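Written out below as structure tokens is the structure these notes cover.
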Amino acid sequence: MDNRPIGIFDSGIGGLTILTEVRARMPGEDILYLGDTARVPYGSRSKRIVTEYTKEAVRFLLQEGVKAIIIACNTASALAMDDLESAVNGTPLFGVVKPGARGAAAHTVSGKVGVIGTEATVRSRAYQTHVRRLKKGAEVIGIGCPLFVPIIEEGWQNSQVAMLTAQTYLSGFFQHNIDTLILGCTHYPAMWSTIRQVMGDTVYLINPAYETAKEVQTSLREKERLSEREEGGKVRYTVTDSPERFKRVGGFLITETIYEAEKVELLSNR
Ligand code: DGL
């Protein structure tokens with residue numbers, strides 16, 4: 001048994017969708033959430049920069065004594081995961097890309113899978129690579145949807161603006177007849193019903209946050225590192241810029257009220 005917190009890292013507020021899934025499955029766990037709100041968005045940045053920022057975040061979480069780390073940010077998972085293993089000194093490390101890809105590979109029947117995410121995530125082809133590794137011959141089509149994040153952060157996920165934007169981006173999938181679509185960005189589960197309306201009922205939507213929480217629970221159970229508490233876990237929120245916007249906009253992604261968020265400094269690796 002291990003009562004130390006689980007660290008969840010995201011570029012900003014998006015990781016709150018993963019926090020929700022982790023809390024639903026493991027309500028007894030304490031969580032230390034870190035949002036790099038001073039440097040968000042990561043989705044238009046290079047692999048080098050995203051890796052550097054993510055390493056700084058991981059170092060902070062380790063210094064705070066977490067027992068496991070979830071890289072909730074899809075962009076950071078897609079671009080930086082391979083370079084992090086050496087930085088975590090054996091602490092269990094989870095990204096969202098592999099569990100999301102596993103969910104898609106398990107669900108697709110036709111082998112035609114779509115993935116949406118930030119420009120950097122789609123360009124990295126990380127989801128494509130992992131799905132194809134698990135499902136031989138799969139055809140994985142990626143479309144970057146950069147406007148979804150600001151729309152969701154305005155709280156407009158169910159508006160006409162969201163609908164038009166989704167129709168414009170997602171129409172690129174229609175000629176491919178996909179049967180499964182990975183929502184490969186932390187924010188997109190908040191736009192579930194708009195995406196569902198555009199894609200129709202026959203396309204199965206994969207939420208990597210859900211798949212990741214499942215994997216974290218199984219893995220920590222096997223390692224006997226779950227908390228001994230069954231419920232009542234606490235969340236400590238930390239951010240790298242003013243907490244005010246985080247608390248307000250975070251409310252669009254999470255049902256719990258964020259009363260407190262602490263501003264912290266990340267130390268440069270250089
Ligand atoms: N958290 C990011 C992701 O899941 C979206 C926001 C950003 O671009 O930083 O890819």
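Chain labels A, B, ... are given in the sequence in which chains occur in the structure tokens; within each chain residues are numbered consecutively from 1, and ligands are likewise numbered from 1 in the order shown.
Excluding Leu32 (chain A) and any residue on its chain fewer than 3 positions from it, the residues at most 7 Å away by only C-alpha atoms are A:Pro5, A:Ile6, A:Gly7, A:Ile8, A:Val235, A:Arg236, A:Tyr237.
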Residues near Thr168 (chain A), cut-off 12 Å, only C-alpha atoms, skip fewer than 2 positions along chain, as a ChimeraX atom specification: /A:143-145,147-148,161-166,170-174,195,198-199
So which residues of region 13-252 of chain A fall under alpha helix (DSSP H) by DSSP, listed as JSON, numbers by chain? {"A": [16, 17, 18, 19, 20, 21, 22, 23, 24, 25, 47, 48, 49, 50, 51, 52, 53, 54, 55, 56, 57, 58, 59, 60, 61, 62, 63, 74, 75, 76, 77, 78, 79, 80, 97, 98, 99, 100, 101, 102, 103, 104, 105, 106, 107, 119, 120, 121, 122, 123, 124, 126, 127, 128, 129, 130, 131, 132, 133, 134, 148, 149, 150, 151, 152, 153, 160, 161, 162, 163, 164, 165, 166, 167, 168, 169, 170, 192, 193, 194, 195, 196, 197, 198, 199, 208, 209, 210, 211, 212, 213, 214, 215, 216, 217, 218, 219, 220, 221, 222, 243, 244, 245, 246, 247, 248, 249, 250]}
Show me which residues sit within 9 Å of ligand 1 when counting only C-alpha atoms and all ligand atoms, and put them as a PyMOL selection string. chain A and resi 10-15+36-37+39-45+72-78+96+117-121+146+149-150+184-188
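CA of Ala87 (chain A) lies 7.7 Å from CA of Val58 (chain A).
Closest approach to Gly35 (chain A) among A:Leu266, A:Ile49, A:Ile152, A:Leu205 is made by A:Leu266 (distances from only C-alpha atoms).
Coordinates place CA of Thr51 (chain A) at a distance of 4.7 Å from CA of Ala80 (chain A).
Among A:Ile18, A:Val109, A:Arg4, A:Ile178, the residue with the shortest atom-to-atom distance to Leu62 (chain A), counting only C-alpha atoms, is A:Arg4.
Secondary structure from DSSP on the backbone puts strand (DSSP E or B) at the following positions of region 55-168 of chain A: Ala68, Ile69, Ile70, Ile71, Leu93, Phe94, Gly95, Lys112, Val113, Gly114, Val115, Ile116, Gly117, Glu139, Val140, Ile141, Gly142, Ile143 and Gly144 of chain A.
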Grab the residues selected above and save them as a CSV table (one decimal), in the first residue's frame with C-alpha atoms.
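What landed in again-v1.csv:
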chain,number,residue,atom,x,y,z
A,68,ALA,CA,3.4,7.6,-10.0
A,69,ILE,CA,3.2,10.1,-12.9
A,70,ILE,CA,0.6,10.5,-15.5
A,71,ILE,CA,1.5,12.6,-18.5
A,93,LEU,CA,5.2,6.6,-15.6
A,94,PHE,CA,2.0,6.6,-17.8
A,95,GLY,CA,1.2,8.5,-20.9
A,112,LYS,CA,-10.0,2.2,-40.3
A,113,VAL,CA,-9.3,4.5,-37.4
A,114,GLY,CA,-9.4,8.3,-37.1
A,115,VAL,CA,-7.4,10.4,-34.7
A,116,ILE,CA,-7.9,14.0,-33.8
A,117,GLY,CA,-5.5,16.1,-31.7
A,139,GLU,CA,-5.3,2.5,-41.7
A,140,VAL,CA,-5.0,5.5,-39.3
A,141,ILE,CA,-6.0,8.9,-40.5
A,142,GLY,CA,-5.0,11.9,-38.4
A,143,ILE,CA,-6.6,15.4,-38.5
A,144,GLY,CA,-5.3,18.3,-36.4
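Remark: for Trp156 (chain A), the closest of the candidate residues A:Tyr169, A:Phe60, A:Phe252, A:Tyr53 is A:Phe252 (distances computed over only C-alpha atoms).
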Using CA of Val239 (chain A) and CA of Ala261 (chain A) as the two end points, give the distance in Å to one decimal. 6.9 Å
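Minimum distance to Arg225 (chain A) across A:Lys67, A:Gln157, A:Glu21, A:Leu16 (counting only C-alpha atoms) occurs at A:Lys67.
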I'd like to know which of A:Glu153, A:Ala213, A:Met1, A:Ser159 is closest to Phe246 (chain A), using only C-alpha atoms. A:Glu153
